[in-house]
$ cat my_file_39.cif   # mmCIF, C-alpha atoms and all ligand atoms
data_final
#
loop_
_atom_site.label_atom_id
_atom_site.label_comp_id
_atom_site.auth_asym_id
_atom_site.auth_seq_id
_atom_site.Cartn_x
_atom_site.Cartn_y
_atom_site.Cartn_z
CA MET A 5 137.68 136.68 108.89
CA SER A 6 137.11 136.00 105.20
CA THR A 7 136.06 132.50 104.18
CA SER A 8 139.23 132.01 102.11
CA GLU A 9 141.32 132.46 105.29
CA GLN A 10 139.44 129.54 106.82
CA ILE A 11 140.97 127.07 104.37
CA ILE A 12 144.22 125.88 105.89
CA PRO A 13 146.89 123.52 104.53
CA HIS A 14 146.80 119.72 104.72
CA GLY A 15 143.09 119.34 104.02
CA HIS A 16 141.83 121.26 107.05
CA VAL A 17 139.33 124.06 107.61
CA LEU A 18 139.31 126.57 110.49
CA ARG A 19 136.11 126.06 112.48
CA TYR A 20 136.71 128.03 115.70
CA THR A 21 138.92 131.11 116.13
CA LEU A 22 141.04 131.45 119.29
CA LYS A 23 138.53 133.93 120.74
CA GLU A 24 135.66 131.50 120.15
CA ARG A 25 137.58 128.63 121.75
CA LEU A 26 138.64 130.67 124.80
CA THR A 27 135.08 131.88 125.33
CA HIS A 28 133.78 128.31 125.03
CA TRP A 29 136.23 126.92 127.58
CA VAL A 30 135.65 129.73 130.08
CA ALA A 31 131.92 128.85 129.86
CA ALA A 32 132.66 125.12 130.16
CA VAL A 33 134.97 125.39 133.21
CA ALA A 34 132.64 127.84 134.98
CA TYR A 35 129.62 125.64 134.19
CA ILE A 36 131.25 122.48 135.56
CA TYR A 37 132.16 124.32 138.79
CA LEU A 38 128.58 125.64 139.04
CA LEU A 39 127.19 122.20 138.36
CA MET A 40 129.30 120.55 141.05
CA THR A 41 128.71 123.16 143.75
CA GLY A 42 125.03 123.57 142.76
CA LEU A 43 124.38 119.84 143.06
CA ALA A 44 126.15 119.85 146.43
CA PHE A 45 123.75 122.56 147.70
CA TRP A 46 120.79 120.74 146.19
CA SER A 47 121.17 117.28 147.66
CA PRO A 48 122.63 116.15 151.01
CA TRP A 49 123.85 113.04 149.17
CA LEU A 50 126.19 115.23 147.14
CA PHE A 51 127.33 117.55 149.92
CA TRP A 52 130.74 115.84 149.93
CA VAL A 53 131.43 117.54 146.57
CA ALA A 54 131.38 120.97 148.27
CA VAL A 55 133.72 119.60 150.96
CA ILE A 56 136.20 118.46 148.29
CA LEU A 57 135.97 121.86 146.57
CA GLY A 58 137.23 123.72 149.65
CA GLY A 59 134.27 123.45 152.02
CA ALA A 60 130.65 124.62 152.03
CA PRO A 61 131.30 128.30 152.93
CA VAL A 62 133.90 128.67 150.15
CA SER A 63 131.59 126.96 147.62
CA ARG A 64 128.68 129.17 148.69
CA MET A 65 130.81 132.29 148.35
CA LEU A 66 132.32 131.39 144.94
CA HIS A 67 129.21 129.89 143.29
CA PRO A 68 127.56 133.27 142.45
CA TRP A 69 130.85 134.72 141.16
CA ALA A 70 131.37 131.68 138.93
CA GLY A 71 127.79 132.29 137.77
CA LEU A 72 128.70 135.82 136.69
CA ILE A 73 131.77 134.52 134.81
CA PHE A 74 129.61 131.84 133.15
CA PHE A 75 126.99 134.35 132.09
CA ALA A 76 129.66 136.75 130.74
CA ALA A 77 131.00 133.90 128.57
CA VAL A 78 127.49 132.94 127.40
CA TRP A 79 126.81 136.58 126.56
CA ASN A 80 130.02 136.67 124.55
CA MET A 81 128.83 133.55 122.68
CA TYR A 82 125.56 135.36 122.01
CA VAL A 83 127.42 138.36 120.54
CA MET A 84 129.67 136.11 118.40
CA TRP A 85 127.18 133.47 117.25
CA ALA A 86 123.56 134.71 117.51
CA PRO A 87 123.42 135.88 113.85
CA GLN A 88 124.52 132.37 112.73
CA MET A 89 122.01 130.65 115.01
CA LYS A 90 118.88 132.00 113.31
CA HIS A 91 116.29 129.37 112.40
CA THR A 92 116.16 128.75 108.62
CA ASP A 93 114.15 126.60 106.20
CA VAL A 94 117.06 124.14 106.10
CA ASP A 95 116.70 123.78 109.90
CA LYS A 96 113.01 123.02 109.51
CA ALA A 97 113.86 120.27 107.01
CA TRP A 98 116.69 119.09 109.32
CA TRP A 99 114.26 118.45 112.20
CA LYS A 100 111.94 116.58 109.85
CA ALA A 101 114.83 114.33 108.81
CA VAL A 102 116.35 113.99 112.30
CA ARG A 103 115.83 110.19 112.32
CA TYR A 104 118.52 109.91 109.61
CA TYR A 105 120.88 112.00 111.72
CA SER A 106 120.40 109.76 114.73
CA THR A 107 121.12 106.67 112.60
CA ASN A 108 124.27 108.18 111.05
CA GLN A 109 122.79 108.49 107.55
CA ASP A 110 124.26 111.95 107.10
CA ASP A 111 124.01 111.80 103.31
CA LYS A 112 120.21 111.85 103.67
CA MET A 113 120.23 115.03 105.79
CA PRO A 114 119.51 118.51 104.40
CA PRO A 115 122.84 120.40 104.13
CA ALA A 116 123.50 121.96 107.54
CA GLY A 117 125.35 125.26 107.63
CA ARG A 118 128.03 126.10 110.20
CA TYR A 119 125.62 124.85 112.88
CA ASN A 120 122.91 122.28 112.45
CA ALA A 121 119.40 122.78 113.86
CA GLY A 122 120.21 120.67 116.94
CA GLN A 123 123.23 122.84 117.77
CA LYS A 124 121.10 125.95 117.33
CA PHE A 125 118.51 124.54 119.74
CA LEU A 126 121.30 123.87 122.25
CA PHE A 127 122.67 127.40 121.83
CA TRP A 128 119.31 129.08 122.44
CA GLY A 129 118.50 126.67 125.27
CA PHE A 130 121.77 127.53 126.98
CA PHE A 131 121.24 131.23 126.37
CA TRP A 132 117.71 131.44 127.83
CA GLY A 133 118.52 128.92 130.57
CA SER A 134 121.57 130.96 131.61
CA LEU A 135 119.55 134.18 131.63
CA LEU A 136 116.98 132.60 133.98
CA LEU A 137 119.77 131.23 136.17
CA LEU A 138 121.34 134.69 136.35
CA LEU A 139 118.12 136.54 137.21
CA SER A 140 116.96 134.00 139.81
CA GLY A 141 120.51 133.71 141.17
CA VAL A 142 120.79 137.46 141.70
CA VAL A 143 117.50 137.44 143.67
CA MET A 144 118.87 134.68 145.94
CA TRP A 145 122.26 136.32 146.25
CA SER A 146 121.11 139.68 147.57
CA PRO A 147 117.73 139.22 149.28
CA GLN A 148 117.99 142.59 151.05
CA TYR A 149 117.54 144.38 147.70
CA PHE A 150 114.32 142.50 147.07
CA ALA A 151 112.65 143.23 150.41
CA TRP A 152 109.15 143.64 148.96
CA HIS A 153 107.48 140.25 149.17
CA SER A 154 110.96 138.83 149.65
CA LEU A 155 109.68 135.43 150.75
CA ILE A 156 107.59 135.05 147.61
CA ALA A 157 110.44 136.39 145.48
CA MET A 158 112.82 133.92 147.12
CA ARG A 159 110.47 130.98 146.58
CA ILE A 160 109.95 131.84 142.93
CA ALA A 161 113.70 132.34 142.50
CA VAL A 162 114.51 128.93 144.02
CA LEU A 163 111.97 127.22 141.76
CA VAL A 164 113.17 129.03 138.62
CA HIS A 165 116.84 128.41 139.50
CA ALA A 166 116.37 124.68 140.04
CA SER A 167 114.18 124.25 136.91
CA ALA A 168 116.58 126.21 134.69
CA ALA A 169 119.53 124.26 136.13
CA LEU A 170 117.84 120.91 135.36
CA PHE A 171 117.05 122.11 131.84
CA THR A 172 120.67 123.13 131.18
CA ILE A 173 121.93 119.84 132.70
CA GLY A 174 119.82 117.98 130.12
CA LEU A 175 121.30 120.11 127.34
CA PHE A 176 124.80 119.70 128.76
CA LEU A 177 124.56 115.88 128.78
CA ILE A 178 123.35 115.84 125.16
CA HIS A 179 126.10 118.33 124.23
CA ILE A 180 128.84 116.18 125.78
CA TYR A 181 127.51 113.04 124.12
CA MET A 182 127.30 114.72 120.69
CA GLY A 183 130.54 116.70 120.93
CA VAL A 184 132.77 114.07 122.50
CA PHE A 185 131.40 110.69 121.42
CA ALA A 186 129.06 111.02 118.44
CA GLU A 187 130.82 113.48 116.10
CA ARG A 188 134.44 112.37 115.87
CA GLY A 189 136.61 115.44 115.26
CA ALA A 190 134.29 117.93 116.98
CA LEU A 191 136.16 117.95 120.30
CA SER A 192 139.47 118.56 118.62
CA SER A 193 137.93 121.48 116.68
CA VAL A 194 137.00 123.31 119.85
CA ILE A 195 140.52 122.68 121.23
CA HIS A 196 142.76 123.21 118.18
CA GLY A 197 140.35 125.22 116.03
CA ASP A 198 140.35 123.15 112.84
CA VAL A 199 138.44 120.23 111.33
CA SER A 200 139.25 117.94 108.43
CA ILE A 201 137.56 118.58 105.10
CA ALA A 202 135.86 115.18 105.54
CA PHE A 203 134.32 116.38 108.85
CA ALA A 204 133.13 119.65 107.28
CA LYS A 205 131.60 117.84 104.31
CA ARG A 206 129.94 115.18 106.42
CA TYR A 207 128.41 117.30 109.19
CA HIS A 208 128.23 120.82 107.75
CA PRO A 209 128.07 120.57 103.92
CA GLY A 210 126.32 123.95 103.58
CA TRP A 211 129.10 125.63 105.57
CA TYR A 212 131.79 123.81 103.60
CA LYS A 213 130.20 124.89 100.34
CA GLU A 214 130.12 128.48 101.57
CA ILE A 215 133.84 128.33 102.38
CA VAL A 216 135.20 126.66 99.29
CA GLY A 217 132.46 127.75 96.91
CA GLN A 218 131.89 124.26 95.55
CA SER A 219 129.32 121.58 96.25
CA SER A 220 130.29 118.75 98.53
CA THR A 221 129.80 115.06 97.94
CA PRO A 222 127.91 112.85 100.34
CA ARG A 223 129.88 110.66 102.73
CA LYS A 224 131.26 107.47 101.25
C1 LIG B 1 133.37 119.85 129.28
C2 LIG B 1 132.41 120.57 128.77
C3 LIG B 1 132.18 120.78 127.30
C4 LIG B 1 132.63 120.06 126.22
C5 LIG B 1 133.50 118.81 126.22
C6 LIG B 1 132.14 120.72 125.03
C7 LIG B 1 132.37 120.31 123.73
C8 LIG B 1 132.04 121.05 122.61
C9 LIG B 1 132.38 120.69 121.26
C10 LIG B 1 133.13 119.43 120.86
C11 LIG B 1 131.91 121.63 120.41
C12 LIG B 1 132.08 121.71 118.89
C13 LIG B 1 130.89 121.10 118.21
C14 LIG B 1 130.96 121.27 116.71
O1 LIG B 1 131.35 122.32 116.22
O2 LIG B 1 130.57 120.32 116.00
C15 LIG B 1 131.24 122.62 121.24
C16 LIG B 1 130.58 123.72 120.76
C17 LIG B 1 129.73 124.49 121.52
N1 LIG B 1 129.60 124.44 122.89
FE1 LIG B 1 130.48 123.12 124.15
N2 LIG B 1 131.38 121.80 125.41
C18 LIG B 1 131.38 121.86 126.78
C19 LIG B 1 130.71 122.77 127.56
C20 LIG B 1 129.84 123.72 127.07
C21 LIG B 1 129.00 124.56 127.89
C22 LIG B 1 128.93 124.55 129.40
C23 LIG B 1 128.30 125.33 127.04
C24 LIG B 1 127.28 126.35 127.47
C25 LIG B 1 127.32 127.57 127.18
C26 LIG B 1 128.69 125.01 125.69
C27 LIG B 1 128.18 125.59 124.55
C28 LIG B 1 128.62 125.32 123.26
C29 LIG B 1 128.07 125.95 122.08
C30 LIG B 1 126.92 126.98 122.06
C31 LIG B 1 128.78 125.44 120.99
C32 LIG B 1 128.56 125.78 119.50
C33 LIG B 1 127.34 125.07 118.99
C34 LIG B 1 127.43 123.59 119.17
O3 LIG B 1 128.36 122.99 118.66
O4 LIG B 1 126.58 123.03 119.86
N3 LIG B 1 129.63 124.02 125.75
N4 LIG B 1 131.34 122.23 122.57
#
$ encode --input "my_file_39.cif" --output "structure tokens"
Amino acid sequence: MSTSEQIIPHGHVLRYTLKERLTHWVAAVAYIYLLMTGLAFWSPWLFWVAVILGGAPVSRMLHPWAGLIFFAAVWNMYVMWAPQMKHTDVDKAWWKAVRYYSTNQDDKMPPAGRYNAGQKFLFWGFFWGSLLLLLSGVVMWSPQYFAWHSLIAMRIAVLVHASAALFTIGLFLIHIYMGVFAERGALSSVIHGDVSIAFAKRYHPGWYKEIVGQSSTPRK
């Protein structure tokens, strides 16, 4: 899509295409199911979650399939977004100034592009975390194919799976906080596709400039 097509009437800018939004929500729904069933397998205190979701055998059967769906969606995100998630000099400066970001002084931040450095970190964290979850999950799913040293392979897989899951849970909590509570307008963008010009200028001035070909003003 050309940048001029991203400018839409009534002071709005297209941030996410339908394909991007569908991919995101497939990943989100699959992840939440994996999180709930995974936590139920992990702790006896949370076993009741598996019972609510149709029982332990059903949860155990569906968990790996949901994992494949999740990874397919993450892979699709990789194909769509990886080129835009490359680390740049602006990102380096963004991390240095992150204290201004966390205190809502956005006008003191270096101009983030379509994604800021924090979002890029989240993207790569989710990508590598999901890859580890997939590889370790496959080992646990079909132990008969990993007969050589299967006990060792299983133990390593369990450790990797749990560590990668905890890592992605940390990312997920930050993501929900940022997307739903901190950046007003972000949640609606991933549902409806568009953001206001004020949102684009405030959080992604570099991206806004790219789209309209003019410099943005800091937030008033
Ligand atoms: C209920 C669950 C989720 C909610 C409410 C949610 C919310 C959001 C929101 C509001 C945005 C737009 C942020 C912006 O453009 O400023 C977004 C983007 C994104 N989401 Fe999610 N998300 C959820 C689950 C997930 C999961 C499970 C993943 C893991 C793959 C994920 C990965 C991403 C990525 C990579 C982006 C683009 C970069 C970024 O904004 O961080 N999301 N999400």
$ residues_near_ligand --input "my_file_39.cif" --ligand "ligand LIG 1 (chain B)" --cutoff "7 Å" --atoms "all atoms listed in the file" --output "list in words"
His28, Trp29, Ala31, Ala32, Val33, Tyr35, Ile36, Val78, Met81, Tyr119, Gln123, Lys124, Leu126, Phe127, Phe130, Phe176, His179, Ile180, Gly183, Val184, Glu187, Ala190, Leu191, Ser192, Ser193 and Val194 of chain A
$ atom_distance --input "my_file_39.cif" --atom1 "CA of Leu39 in chain A" --atom2 "CA of Thr21 in chain A"
26.7 Å
$ closest_atom_pairs --input "my_file_39.cif" --of "range 102-211 of chain A" --to "range 52-73 of chain A" --cutoff "10 Å" --atoms "all atoms listed in the file" --output "CSV"
residue,atom,partner,partner_atom,distance
A:Ser134,CA,A:Gly71,CA,8.9
A:Leu137,CA,A:Gly71,CA,8.2
A:Leu138,CA,A:Gly71,CA,7.0
A:Gly141,CA,A:Pro68,CA,7.2
A:Val142,CA,A:Pro68,CA,8.0
A:Met144,CA,A:Pro68,CA,9.5
A:Trp145,CA,A:Pro68,CA,7.2
$ write_last_selection --input "my_file_39.cif" --atoms "C-alpha atoms" --output "tab-separated table (two decimals), in the coordinates of the input"
chain	number	residue	atom	x	y	z
A	134	SER	CA	121.57	130.96	131.61
A	137	LEU	CA	119.77	131.23	136.17
A	138	LEU	CA	121.34	134.69	136.35
A	141	GLY	CA	120.51	133.71	141.17
A	142	VAL	CA	120.79	137.46	141.70
A	144	MET	CA	118.87	134.68	145.94
A	145	TRP	CA	122.26	136.32	146.25
$ residues_around --input "my_file_39.cif" --residues "range 89-102 of chain A" --least-positions-apart "5" --cutoff "9 Å" --atoms "all atoms listed in the file" --output "tab-separated table (two decimals) with C-alpha atoms, in the frame of the given file"
chain	number	residue	atom	x	y	z
A	107	THR	CA	121.12	106.67	112.60
A	112	LYS	CA	120.21	111.85	103.67
A	113	MET	CA	120.23	115.03	105.79
A	114	PRO	CA	119.51	118.51	104.40
A	115	PRO	CA	122.84	120.40	104.13
A	116	ALA	CA	123.50	121.96	107.54
A	117	GLY	CA	125.35	125.26	107.63
A	118	ARG	CA	128.03	126.10	110.20
A	119	TYR	CA	125.62	124.85	112.88
A	120	ASN	CA	122.91	122.28	112.45
A	121	ALA	CA	119.40	122.78	113.86
A	122	GLY	CA	120.21	120.67	116.94
A	123	GLN	CA	123.23	122.84	117.77
A	124	LYS	CA	121.10	125.95	117.33
A	125	PHE	CA	118.51	124.54	119.74
A	127	PHE	CA	122.67	127.40	121.83
A	128	TRP	CA	119.31	129.08	122.44
$ atom_distance --input "my_file_39.cif" --atom1 "CA of Ile178 in chain A" --atom2 "CA of Phe45 in chain A"
23.5 Å
$ closest_residue --input "my_file_39.cif" --among "A:Asp110, A:Glu24, A:Glu9, A:Glu214" --to "Trp85 in chain A" --atoms "all atoms listed in the file"
A:Glu24
$ closest_residue --input "my_file_39.cif" --among "A:Ile12, A:Leu18, A:Leu50, A:Leu155" --to "Asp198 in chain A" --atoms "all atoms listed in the file"
A:Leu18
$ atom_distance --input "my_file_39.cif" --atom1 "CA of Arg103 in chain A" --atom2 "CA of Val17 in chain A"
27.7 Å
$ closest_residue --input "my_file_39.cif" --among "A:Ala86, A:Ala204, A:Ala157, A:Ala151" --to "Arg188 in chain A" --atoms "all atoms listed in the file"
A:Ala204
$ closest_residue --input "my_file_39.cif" --among "A:Val162, A:Ser154, A:His208, A:Val83" --to "Gly42 in chain A" --atoms "all atoms listed in the file"
A:Val162
$ closest_residue --input "my_file_39.cif" --among "A:Asn80, A:Pro147, A:Pro48, A:Ile11" --to "Val30 in chain A" --atoms "only C-alpha atoms"
A:Asn80
$ closest_residue --input "my_file_39.cif" --among "A:Val164, A:Ile195, A:Ala186, A:Val143" --to "Tyr207 in chain A" --atoms "all atoms listed in the file"
A:Ala186
$ axis_aligned_box --input "my_file_39.cif" --around "range 53-72 of chain A" --padding-each-side "4 Å" --output "JSON"
{"center_x": 132.4, "center_y": 126.7, "center_z": 144.8, "size_x": 17.7, "size_y": 26.3, "size_z": 24.2}
